[in-house]
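K.L.:
If it helps, the file is called input25.cif and holds mmCIF, C-alpha atoms:
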```
data_input
loop_
_atom_site.label_atom_id
_atom_site.label_comp_id
_atom_site.auth_asym_id
_atom_site.auth_seq_id
_atom_site.Cartn_x
_atom_site.Cartn_y
_atom_site.Cartn_z
CA MET A 1 92.36 118.53 70.05
CA ASP A 2 94.88 120.81 71.71
CA MET A 3 96.45 119.17 74.70
CA VAL A 4 98.10 120.84 77.66
CA GLU A 5 101.46 119.29 78.42
CA ALA A 6 103.17 119.70 81.76
CA CYS A 7 106.11 118.41 83.67
CA VAL A 8 105.44 117.96 87.37
CA LEU A 9 108.53 117.94 89.56
CA ILE A 10 107.92 116.14 92.84
CA ARG A 11 109.73 116.09 96.14
CA THR A 12 108.83 113.19 98.39
CA GLU A 13 109.50 112.18 101.95
CA ARG A 14 112.64 110.19 102.60
CA GLY A 15 112.46 106.76 101.00
CA LYS A 16 108.91 107.16 99.72
CA PHE A 17 109.53 107.95 96.08
CA VAL A 18 109.22 104.46 94.60
CA GLU A 19 105.82 104.07 96.23
CA VAL A 20 104.75 107.58 95.19
CA VAL A 21 105.78 106.98 91.56
CA LYS A 22 103.76 103.76 91.48
CA ARG A 23 100.63 105.63 92.55
CA ILE A 24 101.23 108.60 90.24
CA LYS A 25 101.49 106.26 87.24
CA GLN A 26 97.91 105.13 87.86
CA LEU A 27 96.47 108.66 87.59
CA LYS A 28 94.55 109.59 84.48
CA GLY A 29 96.44 112.12 82.39
CA VAL A 30 99.87 110.96 83.51
CA VAL A 31 101.80 109.84 80.45
CA ASP A 32 104.91 108.81 82.32
CA ALA A 33 106.36 109.02 85.82
CA TYR A 34 109.74 107.99 87.12
CA PRO A 35 112.02 108.50 90.12
CA VAL A 36 114.94 110.80 89.41
CA LEU A 37 118.31 111.83 90.80
CA GLY A 38 118.80 115.53 91.44
CA ARG A 39 116.94 118.41 93.02
CA PHE A 40 113.68 116.47 92.93
CA ASP A 41 112.75 112.88 93.69
CA ALA A 42 110.28 112.14 90.91
CA VAL A 43 109.05 113.54 87.64
CA ALA A 44 105.63 113.12 86.05
CA HIS A 45 104.86 113.95 82.43
CA VAL A 46 101.23 114.97 82.21
CA SER A 47 99.10 115.43 79.10
CA VAL A 48 95.51 116.64 79.60
CA SER A 49 92.87 118.46 77.61
CA ASP A 50 92.81 121.70 79.66
CA THR A 51 94.42 123.50 82.58
CA ARG A 52 91.49 122.64 84.85
CA GLU A 53 92.19 118.98 84.37
CA LEU A 54 95.88 119.65 84.93
CA GLY A 55 94.99 121.28 88.23
CA ASP A 56 93.07 118.15 89.24
CA VAL A 57 96.04 115.90 88.49
CA VAL A 58 98.50 118.17 90.32
CA MET A 59 96.17 118.38 93.33
CA LYS A 60 95.89 114.59 93.41
CA ILE A 61 99.68 114.25 93.35
CA GLY A 62 100.07 116.94 96.02
CA ASN A 63 97.56 115.21 98.29
CA MET A 64 99.28 111.84 98.14
CA ALA A 65 100.88 110.49 101.30
CA GLY A 66 104.64 110.86 101.03
CA VAL A 67 104.59 113.88 98.72
CA VAL A 68 106.17 116.96 100.31
CA PHE A 69 105.68 119.45 97.49
CA THR A 70 105.35 119.69 93.73
CA GLU A 71 106.34 122.21 91.12
CA THR A 72 104.57 122.26 87.79
CA LEU A 73 106.09 123.47 84.55
CA VAL A 74 103.25 124.04 82.11
CA GLU A 75 103.72 124.16 78.37
CA VAL A 76 103.22 127.58 76.83
CA GLU A 77 102.78 128.24 73.17
CA ALA A 78 105.96 129.95 72.15
CA MET B 1 115.91 102.35 78.55
CA THR B 2 116.89 105.40 80.58
CA LYS B 3 114.68 108.43 80.86
CA ALA B 4 115.54 111.99 81.84
CA CYS B 5 113.90 115.35 82.28
CA ILE B 6 116.18 118.20 81.29
CA LEU B 7 115.29 121.67 82.54
CA VAL B 8 116.75 124.37 80.32
CA LYS B 9 117.19 128.03 81.13
CA ALA B 10 117.44 130.13 78.01
CA VAL B 11 118.15 133.66 76.94
CA PRO B 12 114.82 135.47 76.42
CA VAL B 13 113.49 135.48 72.85
CA LYS B 14 115.60 132.46 71.86
CA GLY B 15 113.19 130.01 73.47
CA LYS B 16 111.16 129.07 70.41
CA LYS B 17 114.24 128.45 68.28
CA ILE B 18 115.80 126.30 70.98
CA VAL B 19 112.65 124.18 71.31
CA GLU B 20 112.71 123.62 67.54
CA GLU B 21 116.39 122.66 67.56
CA VAL B 22 116.09 120.44 70.61
CA SER B 23 113.11 118.59 69.13
CA LYS B 24 115.31 117.49 66.23
CA ILE B 25 117.85 115.74 68.46
CA SER B 26 117.35 111.98 68.38
CA GLY B 27 116.27 110.62 71.74
CA VAL B 28 114.22 113.70 72.58
CA LYS B 29 110.68 112.54 73.13
CA LYS B 30 109.13 115.92 73.84
CA ALA B 31 110.30 119.50 74.26
CA PHE B 32 108.21 122.49 75.23
CA SER B 33 108.48 126.05 76.52
CA ALA B 34 107.25 126.65 80.04
CA TYR B 35 106.85 129.28 82.73
CA GLY B 36 108.54 128.70 86.07
CA ARG B 37 111.90 127.42 87.21
CA ALA B 38 112.86 126.47 83.67
CA ASP B 39 112.15 128.07 80.31
CA ILE B 40 112.19 124.83 78.39
CA VAL B 41 111.42 121.29 79.46
CA VAL B 42 112.98 118.43 77.51
CA LEU B 43 111.84 114.85 78.04
CA VAL B 44 114.42 112.35 76.87
CA GLU B 45 114.43 108.60 76.36
CA ALA B 46 117.73 106.93 75.58
CA LYS B 47 119.14 103.43 75.45
CA GLU B 48 121.89 104.19 77.91
CA TYR B 49 123.10 106.85 80.26
CA GLU B 50 125.96 107.94 77.95
CA GLU B 51 123.42 108.86 75.30
CA ILE B 52 121.74 111.26 77.73
CA LEU B 53 125.10 112.91 78.39
CA LYS B 54 125.54 113.41 74.64
CA ILE B 55 122.06 114.95 74.35
CA VAL B 56 122.84 117.32 77.24
CA ASP B 57 126.09 118.30 75.48
CA LYS B 58 124.17 119.03 72.29
CA ILE B 59 121.64 121.18 74.14
CA HIS B 60 124.49 123.08 75.78
CA SER B 61 126.02 123.83 72.41
CA LEU B 62 122.85 125.52 71.17
CA ASP B 63 122.86 129.29 70.88
CA GLY B 64 120.84 130.94 73.62
CA VAL B 65 121.05 128.17 76.21
CA ARG B 66 122.13 129.59 79.57
CA SER B 67 122.09 126.51 81.75
CA THR B 68 120.61 123.04 82.04
CA GLU B 69 119.61 120.85 84.93
CA THR B 70 119.20 117.16 84.26
CA LEU B 71 116.97 114.95 86.35
CA THR B 72 117.93 111.43 85.35
CA GLU B 73 115.82 108.41 86.07
CA ALA B 74 116.88 106.45 89.14
CA TRP B 75 116.20 102.70 88.98
#
```
Spell out the structure here as C-alpha coordinates.
P.N.:
Amino acid sequence: MDMVEACVLIRTERGKFVEVVKRIKQLKGVVDAYPVLGRFDAVAHVSVSDTRELGDVVMKIGNMAGVVFTETLVEVEA
Amino acid sequence: MTKACILVKAVPVKGKKIVEEVSKISGVKKAFSAYGRADIVVLVEAKEYEEILKIVDKIHSLDGVRSTETLTEAW
(Lines of atoms letter the chains of each structure in order from A and count residues from 1; the text may use other names and numbers.)
(Lines give C-alpha, C1' and ligand atoms only; values in the text may rest on other atoms or scores of the structure.)
Protein backbone atom coordinates (compact mmCIF):
# COMPACT_ATOMS: atom_id res chain seq x y z
CA MET A 1 0.00 0.00 0.00
CA ASP A 2 1.15 3.53 -0.74
CA MET A 3 2.10 5.35 2.41
CA VAL A 4 2.22 9.08 2.97
CA GLU A 5 5.47 10.13 4.59
CA ALA A 6 5.87 13.43 6.37
CA CYS A 7 8.31 15.27 8.53
CA VAL A 8 6.67 17.34 11.25
CA LEU A 9 8.81 20.16 12.60
CA ILE A 10 7.73 21.18 16.09
CA ARG A 11 8.37 24.24 18.20
CA THR A 12 7.65 23.79 21.89
CA GLU A 13 7.44 25.99 24.92
CA ARG A 14 10.64 26.62 26.81
CA GLY A 15 11.93 23.45 28.44
CA LYS A 16 8.98 21.30 27.37
CA PHE A 17 10.45 19.44 24.44
CA VAL A 18 11.60 16.27 26.20
CA GLU A 19 8.11 15.78 27.59
CA VAL A 20 6.49 16.61 24.24
CA VAL A 21 8.72 14.14 22.37
CA LYS A 22 7.80 11.39 24.83
CA ARG A 23 4.10 11.92 24.13
CA ILE A 24 4.54 12.25 20.36
CA LYS A 25 6.36 8.89 20.25
CA GLN A 26 3.23 7.19 21.57
CA LEU A 27 1.02 8.43 18.71
CA LYS A 28 -0.01 5.97 16.05
CA GLY A 29 1.65 6.73 12.74
CA VAL A 30 4.75 8.28 14.28
CA VAL A 31 7.76 6.28 13.16
CA ASP A 32 10.29 8.30 15.09
CA ALA A 33 10.47 11.49 17.14
CA TYR A 34 13.42 13.23 18.70
CA PRO A 35 14.42 16.58 20.18
CA VAL A 36 16.66 18.62 17.90
CA LEU A 37 19.01 21.59 17.94
CA GLY A 38 18.23 24.37 15.49
CA ARG A 39 15.25 26.37 14.30
CA PHE A 40 12.85 23.83 15.79
CA ASP A 41 12.77 21.92 19.06
CA ALA A 42 11.58 18.51 17.91
CA VAL A 43 11.10 16.49 14.76
CA ALA A 44 8.60 13.70 14.13
CA HIS A 45 8.79 11.31 11.21
CA VAL A 46 5.28 10.22 10.33
CA SER A 47 4.17 7.42 8.04
CA VAL A 48 0.43 6.97 7.49
CA SER A 49 -1.86 5.51 4.86
CA ASP A 50 -3.44 8.79 3.67
CA THR A 51 -3.39 12.56 4.11
CA ARG A 52 -6.53 12.45 6.27
CA GLU A 53 -4.73 10.30 8.78
CA LEU A 54 -1.73 12.61 8.55
CA GLY A 55 -4.02 15.51 9.41
CA ASP A 56 -5.20 13.62 12.50
CA VAL A 57 -1.65 13.04 13.70
CA VAL A 58 -0.61 16.66 13.08
CA MET A 59 -3.73 17.93 14.88
CA LYS A 60 -2.95 15.70 17.85
CA ILE A 61 0.60 17.04 18.01
CA GLY A 62 -0.61 20.63 17.63
CA ASN A 63 -3.13 20.19 20.46
CA MET A 64 -0.58 18.87 22.93
CA ALA A 65 0.27 20.99 25.95
CA GLY A 66 3.67 22.58 25.43
CA VAL A 67 3.51 22.65 21.63
CA VAL A 68 3.59 26.20 20.24
CA PHE A 69 3.34 25.43 16.53
CA THR A 70 4.14 22.78 13.96
CA GLU A 71 5.16 22.80 10.35
CA THR A 72 4.57 19.74 8.22
CA LEU A 73 6.62 18.78 5.20
CA VAL A 74 4.64 16.20 3.25
CA GLU A 75 6.19 13.83 0.77
CA VAL A 76 5.27 14.49 -2.85
CA GLU A 77 5.82 12.11 -5.68
CA ALA A 78 8.56 13.69 -7.70
CA MET B 1 23.26 6.51 17.48
CA THR B 2 22.67 10.10 16.40
CA LYS B 3 19.74 11.12 14.29
CA ALA B 4 19.23 14.21 12.16
CA CYS B 5 16.67 15.77 9.88
CA ILE B 6 18.27 17.65 7.01
CA LEU B 7 16.11 20.15 5.15
CA VAL B 8 17.38 20.74 1.62
CA LYS B 9 16.51 23.60 -0.69
CA ALA B 10 17.13 22.70 -4.30
CA VAL B 11 17.13 24.26 -7.72
CA PRO B 12 13.76 23.56 -9.38
CA VAL B 13 13.66 20.49 -11.64
CA LYS B 14 16.72 18.94 -9.98
CA GLY B 15 14.71 17.66 -7.03
CA LYS B 16 14.07 14.12 -8.21
CA LYS B 17 17.70 13.54 -9.14
CA ILE B 18 18.88 14.86 -5.80
CA VAL B 19 16.50 12.57 -3.90
CA GLU B 20 17.88 9.61 -5.87
CA GLU B 21 21.49 10.60 -5.17
CA VAL B 22 20.88 11.36 -1.51
CA SER B 23 19.14 8.02 -0.98
CA LYS B 24 22.35 6.25 -2.02
CA ILE B 25 24.45 7.87 0.71
CA SER B 26 25.06 5.46 3.56
CA GLY B 27 23.41 6.60 6.77
CA VAL B 28 20.44 8.10 4.97
CA LYS B 29 17.36 6.35 6.27
CA LYS B 30 14.80 8.15 4.14
CA ALA B 31 14.74 10.99 1.63
CA PHE B 32 11.71 12.52 -0.03
CA SER B 33 10.57 15.58 -1.96
CA ALA B 34 8.19 17.90 -0.15
CA TYR B 35 6.27 21.14 -0.46
CA GLY B 36 6.92 23.87 2.08
CA ARG B 37 9.98 25.34 3.74
CA ALA B 38 12.22 22.70 2.20
CA ASP B 39 12.17 20.95 -1.16
CA ILE B 40 13.70 17.74 0.11
CA VAL B 41 13.65 16.15 3.55
CA VAL B 42 16.46 13.78 4.48
CA LEU B 43 16.25 11.63 7.60
CA VAL B 44 19.65 10.44 8.73
CA GLU B 45 20.86 7.93 11.30
CA ALA B 46 24.57 7.80 12.03
CA LYS B 47 26.85 6.28 14.63
CA GLU B 48 28.38 9.60 15.56
CA TYR B 49 28.02 13.29 14.99
CA GLU B 50 31.04 13.47 12.62
CA GLU B 51 29.29 11.07 10.27
CA ILE B 52 26.35 13.47 9.99
CA LEU B 53 28.74 16.28 9.08
CA LYS B 54 30.16 14.09 6.30
CA ILE B 55 26.67 13.33 4.99
CA VAL B 56 25.82 17.06 4.99
CA ASP B 57 29.05 17.72 3.07
CA LYS B 58 28.10 15.09 0.50
CA ILE B 59 24.63 16.58 0.06
CA HIS B 60 26.18 20.02 -0.40
CA SER B 61 28.41 18.70 -3.15
CA LEU B 62 25.44 17.48 -5.19
CA ASP B 63 24.51 19.44 -8.29
CA GLY B 64 21.35 21.48 -7.78
CA VAL B 65 21.51 21.81 -4.00
CA ARG B 66 21.06 25.44 -2.97
CA SER B 67 21.19 25.20 0.80
CA THR B 68 20.72 22.79 3.67
CA GLU B 69 19.52 23.16 7.22
CA THR B 70 20.37 20.40 9.65
CA LEU B 71 18.31 19.68 12.72
CA THR B 72 20.47 17.35 14.78
CA GLU B 73 19.16 15.25 17.60
CA ALA B 74 19.71 16.74 21.05
CA TRP B 75 20.18 14.19 23.85
K.L.:
Could you give me the axis-aligned bounding box of segment 56-72 of chain B, with 6 Å of padding per side, as centre plus edge lengths in Å to one decimal, as JSON?
P.N.:
```
{"center_x": 121.5, "center_y": 121.2, "center_z": 78.6, "size_x": 21.1, "size_y": 31.5, "size_z": 27.5}
```
K.L.:
Residues within 12 Å of Ser61 of chain B, please, as a PyMOL selection string. Count only C-alpha atoms; anything in the same chain fewer than 6 positions from it doesn't count.
P.N.:
chain B and resi 18+21-22+54-55+67-68
K.L.:
With only C-alpha atoms as the atoms that count, which of B:Phe32, B:Ala4, B:Glu51, B:Glu45 lies nearest to Val4 of chain A?
P.N.:
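Going through B:Phe32, B:Ala4, B:Glu51, B:Glu45 one by one, the smallest distance to Val4 of chain A is for B:Phe32.
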K.L.:
Give me, please, the distance in Å between atom CA of Val67 of chain A and atom CA of Val8 of chain B, quoted to one decimal.
P.N.:
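Pair atom CA of Val67 of chain A / atom CA of Val8 of chain B returns 24.4 Å.
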K.L.:
Taking all atoms listed in the file into account, report as number ranges by chain which residues of chain B lie within 7 Å of chain A.
P.N.:
B: 16, 32-36, 71-74
K.L.:
Kindly resolve the PyMOL selection byres ((chain A and resi 48) around 8) on the present coordinates and return the residues as a PyMOL selection string.
P.N.:
chain A and resi 3-5+29+46-47+49-51+53-54
K.L.:
Can you write just those residues out, C-alpha atoms, as a PDB file, keeping the file's coordinate frame?
P.N.:
```
ATOM      1  CA  MET A   3      96.450 119.170  74.700  1.00  0.00           C
ATOM      2  CA  VAL A   4      98.100 120.840  77.660  1.00  0.00           C
ATOM      3  CA  GLU A   5     101.460 119.290  78.420  1.00  0.00           C
ATOM      4  CA  GLY A  29      96.440 112.120  82.390  1.00  0.00           C
ATOM      5  CA  VAL A  46     101.230 114.970  82.210  1.00  0.00           C
ATOM      6  CA  SER A  47      99.100 115.430  79.100  1.00  0.00           C
ATOM      7  CA  SER A  49      92.870 118.460  77.610  1.00  0.00           C
ATOM      8  CA  ASP A  50      92.810 121.700  79.660  1.00  0.00           C
ATOM      9  CA  THR A  51      94.420 123.500  82.580  1.00  0.00           C
ATOM     10  CA  GLU A  53      92.190 118.980  84.370  1.00  0.00           C
ATOM     11  CA  LEU A  54      95.880 119.650  84.930  1.00  0.00           C
TER      12      LEU A  54
END
```
K.L.:
Skip Val41 of chain B itself and residues of its chain fewer than 2 positions away, then list as a VMD selection string all residues within 6 Å of it, counting only C-alpha atoms.
P.N.:
chain B and resid 6 to 7 31 to 32
K.L.:
Write a file of the selected residues as an mmCIF file, in the frame of the given file, keeping C-alpha atoms.
P.N.:
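Full text of part.cif as output:
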```
data_model
loop_
_atom_site.group_PDB
_atom_site.id
_atom_site.type_symbol
_atom_site.label_atom_id
_atom_site.label_comp_id
_atom_site.auth_asym_id
_atom_site.auth_seq_id
_atom_site.Cartn_x
_atom_site.Cartn_y
_atom_site.Cartn_z
ATOM 1 C CA ILE B 6 116.180 118.200 81.290
ATOM 2 C CA LEU B 7 115.290 121.670 82.540
ATOM 3 C CA ALA B 31 110.300 119.500 74.260
ATOM 4 C CA PHE B 32 108.210 122.490 75.230
#
```
K.L.:
Applying 12 Å and only C-alpha atoms, which residues near Lys60 of chain A remain after dropping the ones on its own chain fewer than 4 positions away? List them as an MDAnalysis selection string.
P.N.:
chainID A and resid 8 20 23:30 53:56 64:65 67 69:70
K.L.:
I want to know what sits within 10 Å of Asp63 of chain B, based on all atoms listed in the file, with residues of the same chain fewer than 4 positions away left out; could you give that as number ranges by chain?
P.N.:
B: 10-11, 14, 17-18, 21, 59
K.L.:
Print the selection's residues with C-alpha atoms to a file, as a short mmCIF file (atom, residue, chain, number, x, y, z; two decimals), keeping the file's coordinate frame.
P.N.:
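Output saved as out_34.cif:
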```cif
data_model
loop_
_atom_site.label_atom_id
_atom_site.label_comp_id
_atom_site.auth_asym_id
_atom_site.auth_seq_id
_atom_site.Cartn_x
_atom_site.Cartn_y
_atom_site.Cartn_z
CA ALA B 10 117.44 130.13 78.01
CA VAL B 11 118.15 133.66 76.94
CA LYS B 14 115.60 132.46 71.86
CA LYS B 17 114.24 128.45 68.28
CA ILE B 18 115.80 126.30 70.98
CA GLU B 21 116.39 122.66 67.56
CA ILE B 59 121.64 121.18 74.14
#
```
K.L.:
For atom CA of Lys30 of chain B and atom CA of Val44 of chain B, determine how far apart the two atoms are, in Å to one decimal place.
P.N.:
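Answer for the atom CA of Lys30 of chain B to atom CA of Val44 of chain B separation: 7.1 Å.
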